[in-house]
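Report on the following structure.
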2 protein chains.
Amino acid sequence: MPQKTFRMVVQYDGARFCGWQRQGEDPTVQLALEQALSRMTGRAVVVHGSGRTDAGVHALGQAAHVVLDTRLTADEIQKGLNALLPEDVAVTKCTLAAEGFHARYDAKSKLYAYHFASGSVRPVVGRQYCWWIKKPLDHAAMARAAEHFLGTRDFSAMEAAGSPRSHSVRTVMESRVTIHGQNAVYWVRADGFLRHMVRNMAGTLAWCGTGRMDPDAVPALLESRDRKKAPPTAPAKGLFLVEVEYGKERP
Amino acid sequence: MPQKTFRMVVQYDGARFCGWQRQGEDPTVQLALEQALSRMTGRAVVVHGSGRTDAGVHALGQAAHVVLDTRLTADEIQKGLNALLPEDVAVTKCTLAAEGFHARYDAKSKLYAYHFASGSVRPVVGRQYCWWIKKPLDHAAMARAAEHFLGTRDFSAMEAAGSPRSHSVRTVMESRVTIHGQNAVYWVRADGFLRHMVRNMAGTLAWCGTGRMDPDAVPALLESRDRKKAPPTAPAKGLFLVEVEYGKERP
């Protein structure tokens, strides 16, 4: 049978999952996809994601690929998966990719969105998808802090404590805050992200937004490369992996 | 102690509830509010809503009132309730009302919103809050059908089968469809609603939107007063009670 590489865009609600990456039989998105593909093809399958997402983090556009010996078309793979997958995962797009395409190594950038809800009353409808901050948020201070994350920098201060240190320099191409009534969304695009990096940036924005930190103190915080000086990590449930960008595919 | 009437606006996620109205010990929003108020005041409490909502229906702005012998202020009642209530209910507003105010009898109109999601892939993020229709929706046909619901009419054809028949005439002041990408929201305001009325209207809009029914057949359907001729009831999870309107309160 022909060997085909399929490229997928995956949406998931992170609430029930121990993140993207397979960890034995724990509920993970990777395992859910692999189990469904194994049922469809009758053999063991390995799905490769563009990278991990933490337990509780959502995705509107995680990217993945899989190599299969199959006669099934991309459309049949997508329909079969969406019929077999649990209700908190779906494949929103599936296409045949060039041989050798790799969801992780070929990724050029990723866009994340972090959702803040603000107001004296905790949110109920949609509470699963935001971080509620009781104090009013100073959106201008958050926007100013966000600007300081732009550029090519060492983001060690925004990296999870105890992460293996190899290379902590990343390039942030987009870093901005959009306002939605009392609520705010932080958008950040980079060529790669360190462990907990967006959630640490969101935690820093929350401190700036509530007046606990001066937004213009962000550059010195980054220069310190000291995670212990940074505000606490924002909760996973406010974070969405929005899209993964790739260069033009080889024909 | 002084007797006070408090007026409340209540937000809830209907997923876990057997609707608004107390039914013994089943999880209902009314019971959750009454239990929390009983804990705060040390005595049995009855909360009066503007009306029922079905199991699974959400509310952004259900209205209710309660009469209490208490020294607590409206602000203290609200904060206490929001601390005690489960995460799927919150009181978004609480004010002291004129004596004799009644959430049900004084209501002038209610606004509901019904959320349709459309597209070949089932929604994942936010699936709790919409009805997914796989076929593309003809938004113009839905808007045309919605117009036919405007005015003072006998809505028996949109009433749950087997409902007690007393008075099935209601006045619909607003009935329109807003478009959000592939998705659509149906907004309907009336002086009152029959059992399952909005969900039957939404079911009718879905048939018109997918070409199973001509929108201009709606007037004849209403005139038939025959529920059996109408399309199936739309699922509860797409429906939100948005607000309840009252006349100006007596000073």
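Going by the structure tokens order, chains are called A, B, ..., each with residues numbered from 1, while ligands are numbered from 1 in the order shown.
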Would you pick out the contacts of A:Arg7 at 7 Å or less, using only C-alpha atoms, so that residues sharing its chain but fewer than 3 positions from it are not included, and give the list as a PDB file with all heavy atoms, in the first residue's frame?
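Dumped everything to out-v9.pdb:
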ATOM      1  N   ALA A  64      -0.287  18.830  13.317  1.00  0.00           N
ATOM      2  CA  ALA A  64       0.295  17.505  13.513  1.00  0.00           C
ATOM      3  C   ALA A  64       0.452  16.819  12.166  1.00  0.00           C
ATOM      4  O   ALA A  64      -0.148  17.248  11.178  1.00  0.00           O
ATOM      5  CB  ALA A  64      -0.598  16.669  14.424  1.00  0.00           C
ATOM      6  N   HIS A  65       1.289  15.781  12.135  1.00  0.00           N
ATOM      7  CA  HIS A  65       1.337  14.964  10.924  1.00  0.00           C
ATOM      8  C   HIS A  65       1.419  13.493  11.320  1.00  0.00           C
ATOM      9  O   HIS A  65       1.774  13.158  12.458  1.00  0.00           O
ATOM     10  CB  HIS A  65       2.518  15.356  10.017  1.00  0.00           C
ATOM     11  CG  HIS A  65       3.823  14.741  10.403  1.00  0.00           C
ATOM     12  ND1 HIS A  65       4.700  15.338  11.283  1.00  0.00           N
ATOM     13  CD2 HIS A  65       4.406  13.568  10.029  1.00  0.00           C
ATOM     14  CE1 HIS A  65       5.776  14.571  11.434  1.00  0.00           C
ATOM     15  NE2 HIS A  65       5.615  13.492  10.684  1.00  0.00           N
ATOM     16  N   VAL A  66       1.091  12.652  10.346  1.00  0.00           N
ATOM     17  CA  VAL A  66       1.149  11.213  10.567  1.00  0.00           C
ATOM     18  C   VAL A  66       1.500  10.552   9.233  1.00  0.00           C
ATOM     19  O   VAL A  66       1.059  11.021   8.179  1.00  0.00           O
ATOM     20  CB  VAL A  66      -0.196  10.697  11.140  1.00  0.00           C
ATOM     21  CG1 VAL A  66      -1.359  10.920  10.180  1.00  0.00           C
ATOM     22  CG2 VAL A  66      -0.110   9.231  11.541  1.00  0.00           C
ATOM     23  N   CYS A  94      -7.477  18.330   7.129  1.00  0.00           N
ATOM     24  CA  CYS A  94      -6.542  17.229   6.888  1.00  0.00           C
ATOM     25  C   CYS A  94      -6.192  17.247   5.407  1.00  0.00           C
ATOM     26  O   CYS A  94      -7.084  17.234   4.564  1.00  0.00           O
ATOM     27  CB  CYS A  94      -7.163  15.890   7.292  1.00  0.00           C
ATOM     28  SG  CYS A  94      -6.045  14.493   7.084  1.00  0.00           S
ATOM     29  N   THR A  95      -4.890  17.321   5.115  1.00  0.00           N
ATOM     30  CA  THR A  95      -4.452  17.372   3.719  1.00  0.00           C
ATOM     31  C   THR A  95      -3.262  16.437   3.532  1.00  0.00           C
ATOM     32  O   THR A  95      -2.556  16.118   4.492  1.00  0.00           O
ATOM     33  CB  THR A  95      -4.010  18.799   3.318  1.00  0.00           C
ATOM     34  OG1 THR A  95      -3.088  19.287   4.305  1.00  0.00           O
ATOM     35  CG2 THR A  95      -5.184  19.756   3.226  1.00  0.00           C
ATOM     36  N   LEU A  96      -3.074  16.023   2.299  1.00  0.00           N
ATOM     37  CA  LEU A  96      -1.903  15.221   1.965  1.00  0.00           C
ATOM     38  C   LEU A  96      -0.699  16.158   1.924  1.00  0.00           C
ATOM     39  O   LEU A  96      -0.770  17.235   1.314  1.00  0.00           O
ATOM     40  CB  LEU A  96      -2.139  14.580   0.585  1.00  0.00           C
ATOM     41  CG  LEU A  96      -1.350  13.332   0.250  1.00  0.00           C
ATOM     42  CD1 LEU A  96      -1.622  12.213   1.242  1.00  0.00           C
ATOM     43  CD2 LEU A  96      -1.710  12.884  -1.165  1.00  0.00           C
ATOM     44  N   ALA A  97       0.379  15.778   2.604  1.00  0.00           N
ATOM     45  CA  ALA A  97       1.568  16.633   2.641  1.00  0.00           C
ATOM     46  C   ALA A  97       2.678  16.014   1.799  1.00  0.00           C
ATOM     47  O   ALA A  97       2.634  14.832   1.476  1.00  0.00           O
ATOM     48  CB  ALA A  97       2.039  16.796   4.086  1.00  0.00           C
TER      49      ALA A  97
END
So that each row is one residue of chain B with an atom at most 6 Å from chain A, can you give its shortest atom pair and the distance in Å to one decimal, using only C-alpha atoms, rows by chain and rising number, as a tab-separated table?
residue	atom	partner	partner_atom	distance
B:Asp13	CA	A:Val125	CA	5.5
B:Asp88	CA	A:Val124	CA	5.3
B:Val124	CA	A:Asp88	CA	5.3
B:Val125	CA	A:Asp13	CA	5.5
For the structure I just gave you, how does DSSP split stretch 118-192 of chain A - specifically, which residues are strand (DSSP E)? Reply as a PDB file with N, CA and C atoms, in the first residue's frame.
ATOM      1  N   SER A 118     -12.333  40.050  33.347  1.00  0.00           N
ATOM      2  CA  SER A 118     -12.162  40.976  34.459  1.00  0.00           C
ATOM      3  C   SER A 118     -13.521  41.456  34.942  1.00  0.00           C
ATOM      4  N   TRP A 131      -9.084  33.329  32.325  1.00  0.00           N
ATOM      5  CA  TRP A 131      -8.574  33.522  33.686  1.00  0.00           C
ATOM      6  C   TRP A 131      -9.291  34.743  34.224  1.00  0.00           C
ATOM      7  N   TRP A 132     -10.024  34.560  35.303  1.00  0.00           N
ATOM      8  CA  TRP A 132     -10.769  35.662  35.897  1.00  0.00           C
ATOM      9  C   TRP A 132      -9.897  36.434  36.876  1.00  0.00           C
ATOM     10  N   ILE A 133      -9.808  37.744  36.638  1.00  0.00           N
ATOM     11  CA  ILE A 133      -9.078  38.639  37.534  1.00  0.00           C
ATOM     12  C   ILE A 133     -10.087  39.645  38.070  1.00  0.00           C
ATOM     13  N   GLY A 151      10.663  41.106  19.810  1.00  0.00           N
ATOM     14  CA  GLY A 151      12.066  41.055  19.409  1.00  0.00           C
ATOM     15  C   GLY A 151      12.740  39.747  19.769  1.00  0.00           C
ATOM     16  N   THR A 152      14.030  39.697  19.448  1.00  0.00           N
ATOM     17  CA  THR A 152      14.826  38.499  19.721  1.00  0.00           C
ATOM     18  C   THR A 152      15.514  38.676  21.068  1.00  0.00           C
ATOM     19  N   ARG A 153      15.167  37.832  22.009  1.00  0.00           N
ATOM     20  CA  ARG A 153      15.628  38.010  23.385  1.00  0.00           C
ATOM     21  C   ARG A 153      15.860  36.667  24.053  1.00  0.00           C
ATOM     22  N   ASP A 154      16.580  36.728  25.145  1.00  0.00           N
ATOM     23  CA  ASP A 154      16.710  35.567  26.018  1.00  0.00           C
ATOM     24  C   ASP A 154      15.511  35.586  26.968  1.00  0.00           C
ATOM     25  N   VAL A 169      16.872  31.698  23.749  1.00  0.00           N
ATOM     26  CA  VAL A 169      16.613  32.872  22.904  1.00  0.00           C
ATOM     27  C   VAL A 169      15.486  32.536  21.921  1.00  0.00           C
ATOM     28  N   ARG A 170      14.480  33.402  21.897  1.00  0.00           N
ATOM     29  CA  ARG A 170      13.382  33.217  20.965  1.00  0.00           C
ATOM     30  C   ARG A 170      13.072  34.570  20.337  1.00  0.00           C
ATOM     31  N   THR A 171      12.431  34.546  19.149  1.00  0.00           N
ATOM     32  CA  THR A 171      12.042  35.790  18.482  1.00  0.00           C
ATOM     33  C   THR A 171      10.524  35.949  18.526  1.00  0.00           C
ATOM     34  N   VAL A 172      10.086  37.013  19.173  1.00  0.00           N
ATOM     35  CA  VAL A 172       8.655  37.303  19.269  1.00  0.00           C
ATOM     36  C   VAL A 172       8.317  38.336  18.192  1.00  0.00           C
ATOM     37  N   MET A 173       7.474  37.945  17.227  1.00  0.00           N
ATOM     38  CA  MET A 173       7.139  38.826  16.095  1.00  0.00           C
ATOM     39  C   MET A 173       5.867  39.624  16.345  1.00  0.00           C
ATOM     40  N   GLU A 174       5.036  39.145  17.232  1.00  0.00           N
ATOM     41  CA  GLU A 174       3.754  39.805  17.482  1.00  0.00           C
ATOM     42  C   GLU A 174       3.486  39.667  18.974  1.00  0.00           C
ATOM     43  N   SER A 175       3.076  40.776  19.604  1.00  0.00           N
ATOM     44  CA  SER A 175       2.820  40.755  21.048  1.00  0.00           C
ATOM     45  C   SER A 175       1.906  41.920  21.333  1.00  0.00           C
ATOM     46  N   ARG A 176       0.592  41.643  21.402  1.00  0.00           N
ATOM     47  CA  ARG A 176      -0.345  42.752  21.547  1.00  0.00           C
ATOM     48  C   ARG A 176      -1.581  42.311  22.319  1.00  0.00           C
ATOM     49  N   VAL A 177      -2.293  43.333  22.819  1.00  0.00           N
ATOM     50  CA  VAL A 177      -3.474  43.090  23.641  1.00  0.00           C
ATOM     51  C   VAL A 177      -4.690  43.643  22.908  1.00  0.00           C
ATOM     52  N   THR A 178      -5.750  42.840  22.787  1.00  0.00           N
ATOM     53  CA  THR A 178      -7.014  43.362  22.244  1.00  0.00           C
ATOM     54  C   THR A 178      -8.023  43.415  23.392  1.00  0.00           C
ATOM     55  N   ILE A 179      -8.896  44.425  23.313  1.00  0.00           N
ATOM     56  CA  ILE A 179      -9.844  44.699  24.393  1.00  0.00           C
ATOM     57  C   ILE A 179     -11.241  44.279  23.957  1.00  0.00           C
ATOM     58  N   HIS A 180     -11.968  43.624  24.841  1.00  0.00           N
ATOM     59  CA  HIS A 180     -13.328  43.167  24.535  1.00  0.00           C
ATOM     60  C   HIS A 180     -14.192  43.486  25.752  1.00  0.00           C
ATOM     61  N   ASN A 183     -12.985  42.600  29.233  1.00  0.00           N
ATOM     62  CA  ASN A 183     -12.055  41.489  29.047  1.00  0.00           C
ATOM     63  C   ASN A 183     -10.929  41.864  28.091  1.00  0.00           C
ATOM     64  N   ALA A 184      -9.892  41.054  28.086  1.00  0.00           N
ATOM     65  CA  ALA A 184      -8.739  41.330  27.226  1.00  0.00           C
ATOM     66  C   ALA A 184      -8.162  40.017  26.730  1.00  0.00           C
ATOM     67  N   VAL A 185      -7.580  40.071  25.533  1.00  0.00           N
ATOM     68  CA  VAL A 185      -6.885  38.899  24.996  1.00  0.00           C
ATOM     69  C   VAL A 185      -5.463  39.315  24.648  1.00  0.00           C
ATOM     70  N   TYR A 186      -4.505  38.521  25.098  1.00  0.00           N
ATOM     71  CA  TYR A 186      -3.097  38.746  24.758  1.00  0.00           C
ATOM     72  C   TYR A 186      -2.719  37.792  23.626  1.00  0.00           C
ATOM     73  N   TRP A 187      -2.215  38.361  22.523  1.00  0.00           N
ATOM     74  CA  TRP A 187      -1.819  37.592  21.347  1.00  0.00           C
ATOM     75  C   TRP A 187      -0.310  37.617  21.244  1.00  0.00           C
ATOM     76  N   VAL A 188       0.301  36.447  21.115  1.00  0.00           N
ATOM     77  CA  VAL A 188       1.756  36.417  20.975  1.00  0.00           C
ATOM     78  C   VAL A 188       2.176  35.368  19.954  1.00  0.00           C
ATOM     79  N   ARG A 189       2.978  35.826  19.002  1.00  0.00           N
ATOM     80  CA  ARG A 189       3.508  34.952  17.955  1.00  0.00           C
ATOM     81  C   ARG A 189       5.032  34.945  18.058  1.00  0.00           C
ATOM     82  N   ALA A 190       5.629  33.752  18.012  1.00  0.00           N
ATOM     83  CA  ALA A 190       7.091  33.642  18.091  1.00  0.00           C
ATOM     84  C   ALA A 190       7.541  32.445  17.281  1.00  0.00           C
TER      85      ALA A 190
END
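One finds atom CA of B:Asp54 at 25.4 Å from atom CA of B:Gly247.
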If you count only C-alpha atoms, which residues fall within 12 Å of A:Ala206, apart from same-chain ones fewer than 3 positions away, as an MDAnalysis selection string? chainID A and resid 114:118 131:143 145:146 177 183:186 199:203 209:215 230:235
Residues within 7 Å of B:Glu243, please, as a PyMOL selection string. Count only C-alpha atoms; anything in the same chain fewer than 4 positions from it doesn't count. chain B and resi 60-62+110-111
Limited to all heavy atoms, could you put the picked residues into a file as a CSV table (one decimal), in the first residue's frame?
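After the write, selection_7.csv holds the following:
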chain,number,residue,atom,x,y,z
B,60,LEU,N,-27.8,34.3,30.8
B,60,LEU,CA,-26.9,35.4,31.1
B,60,LEU,C,-27.6,36.4,32.0
B,60,LEU,O,-26.9,37.2,32.7
B,60,LEU,CB,-26.5,36.1,29.7
B,60,LEU,CG,-25.7,35.2,28.8
B,60,LEU,CD1,-25.6,35.9,27.4
B,60,LEU,CD2,-24.4,34.8,29.4
B,61,GLY,N,-28.9,36.5,31.9
B,61,GLY,CA,-29.6,37.5,32.7
B,61,GLY,C,-31.0,37.0,33.2
B,61,GLY,O,-32.0,37.7,32.9
B,62,GLN,N,-31.1,35.8,33.8
B,62,GLN,CA,-32.3,35.5,34.5
B,62,GLN,C,-32.6,36.5,35.6
B,62,GLN,O,-31.6,37.0,36.2
B,62,GLN,CB,-32.2,34.0,35.1
B,62,GLN,CG,-33.3,33.6,36.1
B,62,GLN,CD,-34.7,33.4,35.4
B,62,GLN,OE1,-35.3,34.3,34.9
B,62,GLN,NE2,-35.1,32.1,35.4
B,110,LYS,N,-39.0,39.4,27.8
B,110,LYS,CA,-37.8,38.6,27.9
B,110,LYS,C,-37.1,38.5,26.6
B,110,LYS,O,-37.8,38.4,25.6
B,110,LYS,CB,-38.1,37.2,28.4
B,110,LYS,CG,-38.5,37.1,29.8
B,110,LYS,CD,-38.8,35.6,30.2
B,110,LYS,CE,-39.5,35.6,31.5
B,110,LYS,NZ,-40.0,34.3,31.9
B,111,LEU,N,-35.8,38.5,26.6
B,111,LEU,CA,-35.0,38.4,25.4
B,111,LEU,C,-34.2,37.0,25.5
B,111,LEU,O,-33.5,36.8,26.5
B,111,LEU,CB,-34.0,39.5,25.3
B,111,LEU,CG,-33.0,39.4,24.1
B,111,LEU,CD1,-33.7,39.5,22.8
B,111,LEU,CD2,-32.0,40.5,24.2
Which residues come within 9 Å of B:Leu194, counting only C-alpha atoms, excluding same-chain residues fewer than 5 positions away, as a list in words? Phe155, Ser156, Met158, Glu159, Ala160, Ser163, Ser168, Val169 and Arg170 of chain B
From a DSSP pass on the backbone, collect the residues of stretch 2-209 of chain A flagged as alpha helix (DSSP H) and hand them back as a count of residues only. 46
If we count only C-alpha atoms and set the cut-off at 10 Å, which residues sit around B:Tyr246, ignoring sequence neighbours fewer than 2 positions away in its own chain? Please answer as number ranges by chain. B: 63, 102-110, 243-244, 248-249
Write the residues of the selection above to a file with N, CA, C and O atoms, as an mmCIF file, in the first residue's frame.
data_model
loop_
_atom_site.group_PDB
_atom_site.id
_atom_site.type_symbol
_atom_site.label_atom_id
_atom_site.label_comp_id
_atom_site.auth_asym_id
_atom_site.auth_seq_id
_atom_site.Cartn_x
_atom_site.Cartn_y
_atom_site.Cartn_z
ATOM 1 N N ALA B 63 -33.843 36.778 35.887
ATOM 2 C CA ALA B 63 -34.172 37.700 36.973
ATOM 3 C C ALA B 63 -34.894 36.941 38.074
ATOM 4 O O ALA B 63 -35.604 35.969 37.804
ATOM 5 N N HIS B 102 -42.232 41.829 42.108
ATOM 6 C CA HIS B 102 -42.294 40.389 41.852
ATOM 7 C C HIS B 102 -41.641 40.068 40.503
ATOM 8 O O HIS B 102 -42.078 40.552 39.466
ATOM 9 N N ALA B 103 -40.599 39.250 40.558
ATOM 10 C CA ALA B 103 -39.797 38.956 39.359
ATOM 11 C C ALA B 103 -40.653 38.363 38.236
ATOM 12 O O ALA B 103 -40.391 38.611 37.058
ATOM 13 N N ARG B 104 -41.670 37.607 38.603
ATOM 14 C CA ARG B 104 -42.485 36.975 37.563
ATOM 15 C C ARG B 104 -43.617 37.898 37.103
ATOM 16 O O ARG B 104 -43.782 38.144 35.902
ATOM 17 N N TYR B 105 -44.374 38.419 38.044
ATOM 18 C CA TYR B 105 -45.583 39.168 37.653
ATOM 19 C C TYR B 105 -45.264 40.548 37.098
ATOM 20 O O TYR B 105 -46.054 41.107 36.336
ATOM 21 N N ASP B 106 -44.136 41.105 37.483
ATOM 22 C CA ASP B 106 -43.795 42.448 37.007
ATOM 23 C C ASP B 106 -42.978 42.436 35.710
ATOM 24 O O ASP B 106 -42.678 43.500 35.159
ATOM 25 N N ALA B 107 -42.595 41.256 35.231
ATOM 26 C CA ALA B 107 -41.775 41.184 34.005
ATOM 27 C C ALA B 107 -42.575 41.690 32.802
ATOM 28 O O ALA B 107 -43.741 41.325 32.629
ATOM 29 N N LYS B 108 -41.957 42.557 32.008
ATOM 30 C CA LYS B 108 -42.623 43.111 30.811
ATOM 31 C C LYS B 108 -42.260 42.305 29.566
ATOM 32 O O LYS B 108 -43.074 42.141 28.666
ATOM 33 N N SER B 109 -41.013 41.901 29.472
ATOM 34 C CA SER B 109 -40.586 41.122 28.309
ATOM 35 C C SER B 109 -39.316 40.356 28.642
ATOM 36 O O SER B 109 -38.643 40.649 29.637
ATOM 37 N N LYS B 110 -39.030 39.370 27.797
ATOM 38 C CA LYS B 110 -37.796 38.600 27.936
ATOM 39 C C LYS B 110 -37.107 38.522 26.589
ATOM 40 O O LYS B 110 -37.778 38.449 25.558
ATOM 41 N N GLU B 243 -32.003 38.503 28.889
ATOM 42 C CA GLU B 243 -32.417 39.493 29.888
ATOM 43 C C GLU B 243 -33.920 39.491 30.080
ATOM 44 O O GLU B 243 -34.686 39.075 29.204
ATOM 45 N N VAL B 244 -34.321 39.981 31.239
ATOM 46 C CA VAL B 244 -35.732 40.150 31.553
ATOM 47 C C VAL B 244 -35.931 41.647 31.785
ATOM 48 O O VAL B 244 -35.176 42.264 32.534
ATOM 49 N N LYS B 248 -40.473 50.760 34.795
ATOM 50 C CA LYS B 248 -39.799 51.580 35.808
ATOM 51 C C LYS B 248 -40.336 51.209 37.181
ATOM 52 O O LYS B 248 -41.544 51.087 37.366
ATOM 53 N N GLU B 249 -39.419 51.043 38.121
ATOM 54 C CA GLU B 249 -39.864 50.682 39.462
ATOM 55 C C GLU B 249 -40.504 51.872 40.162
ATOM 56 O O GLU B 249 -40.094 53.019 39.966
#
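Comparing A:Ser166, A:Ala157, A:Gly80, A:Glu245 by their smallest distance to A:Lys229, the closest is A:Ala157 (using only C-alpha atoms).
Here atom CA of A:Arg39 and atom CA of A:Val242 stand 28.3 Å from one another.
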Would you mind telling me which residue in A:Ala113, A:Met197, A:Val57, A:Val67 lies nearest to A:Ala44 when using only C-alpha atoms? A:Val67
